[in-house]
Amino acid sequence: MSKFSLVDKVSNITKEEFKEKYLSTNTPVIFKDLAKDWEATSKWTFDFFKEQYGDWEIPMYDDSYHNPGNGYMKPVSHKKFGEYLSIIEKEPTNLRFHNFQIMKRAPELANDYQTPTIMDGFMKFALMFFGGKGSALNLHYDIDCSHVFLTHFQTQKKVYLFPQEQSKLLYKLPYTNHSHLDVLNPDYQKYPAYKYAHGLEAVLEHGETLFIPKLWWHYVFYSEGGYSLALRANDSIKTKAKGLSNLIRLFTVDNGMNSLFGVKWKTYKENKAQENALRAMQKINQ
Ligand SMILES: O=C(O)CCC(=O)C(=O)O
Ligand SMILES: [Fe+2]
């Protein structure tokens, strides 16, 4: 069996069908046409962003995002937005610009898309993610417990997904929603339990929208430079409350311990992840 099965691609699906087949079963799916009437799909080109907002100063992130110490989850540098867009349009780079609340800087962009009607509970909150060819956003799940609808623009990117039940096989780092496993080039010596994980592959083309059900792990690989808009939906008060408490608990402990102990805290988390994975593997082999 290969490591990944392909995510279904659908079009013309009703709210009821979506609920029955995907939402209620927590199954990822790609919509070919969820964004088909959005102005954004024709308007949000590299040139458009460069012309309108090229002067913005933006933070840059790279693979050192999770290195312990002072730089933990902080930007490595800043660039002009226009300059960054020119780079990712033309050449590979590991620089990314993520979790950008773009509508705060440019509220007019909210007119270029519509809140989907495929389910209830969409939030106004919208984020954009930019990445260069070859860059990747490490394996994680979104701790606010919402469902994510990720629409990609202009190019192609690939998302690798795993259900929450496989967390131990993915070497989840305790007190975080992250793993440092390289999903596409795994070091099986270091991460043997990953052999037992089985995931899904979503190949997203321009204008397509990936449904990432709540708490699903995702590893985002930019097979080409491009950008996506993430809209979020949360249809239950219970998971909303869980999300909020997760945010507070995890961030406070992990950031505090990183400031105090740096590399030692990282090693502690890695050792715990190894113990958990070993136990999960033993259970499978019983
Ligand atoms: O597209 C990306 O780079 C990351 C998307 C993501 O992690 C999210 O929307 O939760
Ligand atoms: Fe995410």
# chains A, B, ... in the order shown; residues from 1 in each chain; ligands from 1
>>> residues_near_ligand(ligand="ligand 1", cutoff="7 Å", atoms="only C-alpha atoms and all ligand atoms", output="JSON, numbers by chain")
{"A": [98, 129, 130, 131, 137, 142, 148, 150, 218, 220, 228, 230]}
>>> residues_around(residues="range 132-134 of chain A", least_positions_apart="6", cutoff="8 Å", atoms="only C-alpha atoms", output="list in words")
Ile87, Ile88, Glu89, Glu91, Pro92, Thr93, Asn94, Leu95, Arg96, Phe221, Tyr222, Ser223, Glu224, Gly225 and Gly226 of chain A
>>> residues_near_ligand(ligand="ligand 2", cutoff="12 Å", atoms="only C-alpha atoms and all ligand atoms", output="count of residues only")
41
>>> select_by_dssp(residues="range 56-283 of chain A", states="strand (DSSP E or B)", output="ChimeraX atom specification")
/A:57-61,77-80,92,96-100,122-131,133,136-140,147-153,157-162,178,199-204,209-212,217-221,226-233
>>> write_last_selection(atoms="C-alpha atoms", output="short mmCIF file (atom, residue, chain, number, x, y, z; two decimals), in the first residue's frame")
data_model
loop_
_atom_site.label_atom_id
_atom_site.label_comp_id
_atom_site.auth_asym_id
_atom_site.auth_seq_id
_atom_site.Cartn_x
_atom_site.Cartn_y
_atom_site.Cartn_z
CA GLU A 57 6.92 45.54 4.80
CA ILE A 58 6.29 41.87 5.62
CA PRO A 59 7.87 39.30 7.96
CA MET A 60 9.70 36.33 6.44
CA TYR A 61 9.80 32.84 7.90
CA SER A 77 13.88 38.97 8.35
CA HIS A 78 11.59 41.45 6.63
CA LYS A 79 11.06 42.24 2.96
CA LYS A 80 8.90 44.41 0.77
CA PRO A 92 12.67 28.51 -5.61
CA ARG A 96 7.36 31.83 3.51
CA PHE A 97 4.92 34.42 4.75
CA HIS A 98 2.18 32.75 6.76
CA ASN A 99 -0.88 33.41 8.90
CA PHE A 100 -1.30 36.83 7.33
CA PHE A 122 -17.98 30.34 8.90
CA MET A 123 -16.02 33.05 10.70
CA LYS A 124 -15.13 36.44 9.26
CA PHE A 125 -11.52 35.67 10.09
CA ALA A 126 -9.41 35.03 6.96
CA LEU A 127 -5.73 34.22 6.63
CA MET A 128 -3.35 34.13 3.68
CA PHE A 129 -0.30 31.91 3.23
CA PHE A 130 2.50 32.58 0.73
CA GLY A 131 5.37 30.25 -0.10
CA LYS A 133 8.72 26.77 -4.79
CA ALA A 136 7.10 23.58 3.17
CA LEU A 137 5.06 24.37 6.22
CA ASN A 138 5.87 21.74 8.82
CA LEU A 139 3.44 19.06 9.88
CA HIS A 140 0.86 20.49 12.31
CA HIS A 147 -12.46 23.26 9.83
CA VAL A 148 -10.28 24.96 7.22
CA PHE A 149 -11.22 25.72 3.62
CA LEU A 150 -7.96 26.46 1.80
CA THR A 151 -8.30 27.99 -1.67
CA HIS A 152 -5.15 28.10 -3.76
CA PHE A 153 -4.32 30.70 -6.42
CA LYS A 157 0.63 23.06 -4.22
CA LYS A 158 0.40 19.80 -2.37
CA VAL A 159 -0.99 19.11 1.05
CA TYR A 160 -0.37 15.86 2.95
CA LEU A 161 -2.97 14.99 5.56
CA PHE A 162 -3.27 12.56 8.46
CA HIS A 178 3.52 20.27 15.72
CA GLY A 199 -2.15 9.67 4.88
CA LEU A 200 -3.88 11.49 2.09
CA GLU A 201 -2.39 13.61 -0.68
CA ALA A 202 -4.21 16.69 -1.99
CA VAL A 203 -2.89 18.22 -5.20
CA LEU A 204 -4.38 21.69 -5.38
CA THR A 209 -10.39 24.56 -2.35
CA LEU A 210 -9.23 21.92 0.09
CA PHE A 211 -11.44 21.04 3.05
CA ILE A 212 -9.20 20.21 6.03
CA TRP A 217 -2.65 17.01 10.56
CA HIS A 218 -1.38 18.82 7.45
CA TYR A 219 2.03 19.27 5.84
CA VAL A 220 1.98 21.87 3.08
CA PHE A 221 4.49 21.51 0.25
CA GLY A 226 2.02 30.63 -4.84
CA TYR A 227 -0.54 31.60 -2.25
CA SER A 228 -3.76 30.52 -0.61
CA LEU A 229 -6.65 31.97 1.32
CA ALA A 230 -7.81 30.05 4.39
CA LEU A 231 -11.36 30.49 5.61
CA ARG A 232 -12.46 28.78 8.78
CA ALA A 233 -15.70 27.33 10.03
#
>>> residues_around(residues="Asp120 in chain A", least_positions_apart="3", cutoff="10 Å", atoms="only C-alpha atoms", output="list in words")
Lys15, Thr115, Pro116, Thr117, Met123, Ala233, Asn234, Asp235 and Ser236 of chain A
>>> closest_residue(among="A:Leu250, A:Val29, A:Leu34, A:Ile102", to="Trp56 in chain A", atoms="only C-alpha atoms")
A:Ile102
>>> atom_distance(atom1="CA of Glu51 in chain A", atom2="CA of Gly82 in chain A")
7.7 Å
>>> select_by_dssp(residues="range 96-215 of chain A", states="alpha helix (DSSP H)", output="PyMOL selection string")
chain A and resi 102-105
>>> write_last_selection(atoms="C-alpha atoms", output="mmCIF file, in the first residue's frame")
data_model
loop_
_atom_site.group_PDB
_atom_site.id
_atom_site.type_symbol
_atom_site.label_atom_id
_atom_site.label_comp_id
_atom_site.auth_asym_id
_atom_site.auth_seq_id
_atom_site.Cartn_x
_atom_site.Cartn_y
_atom_site.Cartn_z
ATOM 1 C CA ILE A 102 -4.536 40.376 4.984
ATOM 2 C CA MET A 103 -8.045 41.841 5.336
ATOM 3 C CA LYS A 104 -6.847 43.894 8.298
ATOM 4 C CA ARG A 105 -4.370 45.689 6.024
#
>>> residues_around(residues="range 251-260 of chain A", least_positions_apart="6", cutoff="9 Å", atoms="only C-alpha atoms", output="list in words")
Pro68, Gly69, Asn70, Tyr72, Pro174, Tyr175, Thr176 and Lys266 of chain A
>>> closest_residue(among="A:Thr239, A:Tyr84, A:Thr45, A:Lys3", to="Gly121 in chain A", atoms="only C-alpha atoms")
A:Thr239
>>> atom_distance(atom1="CA of Glu17 in chain A", atom2="CA of Leu244 in chain A")
29.7 Å
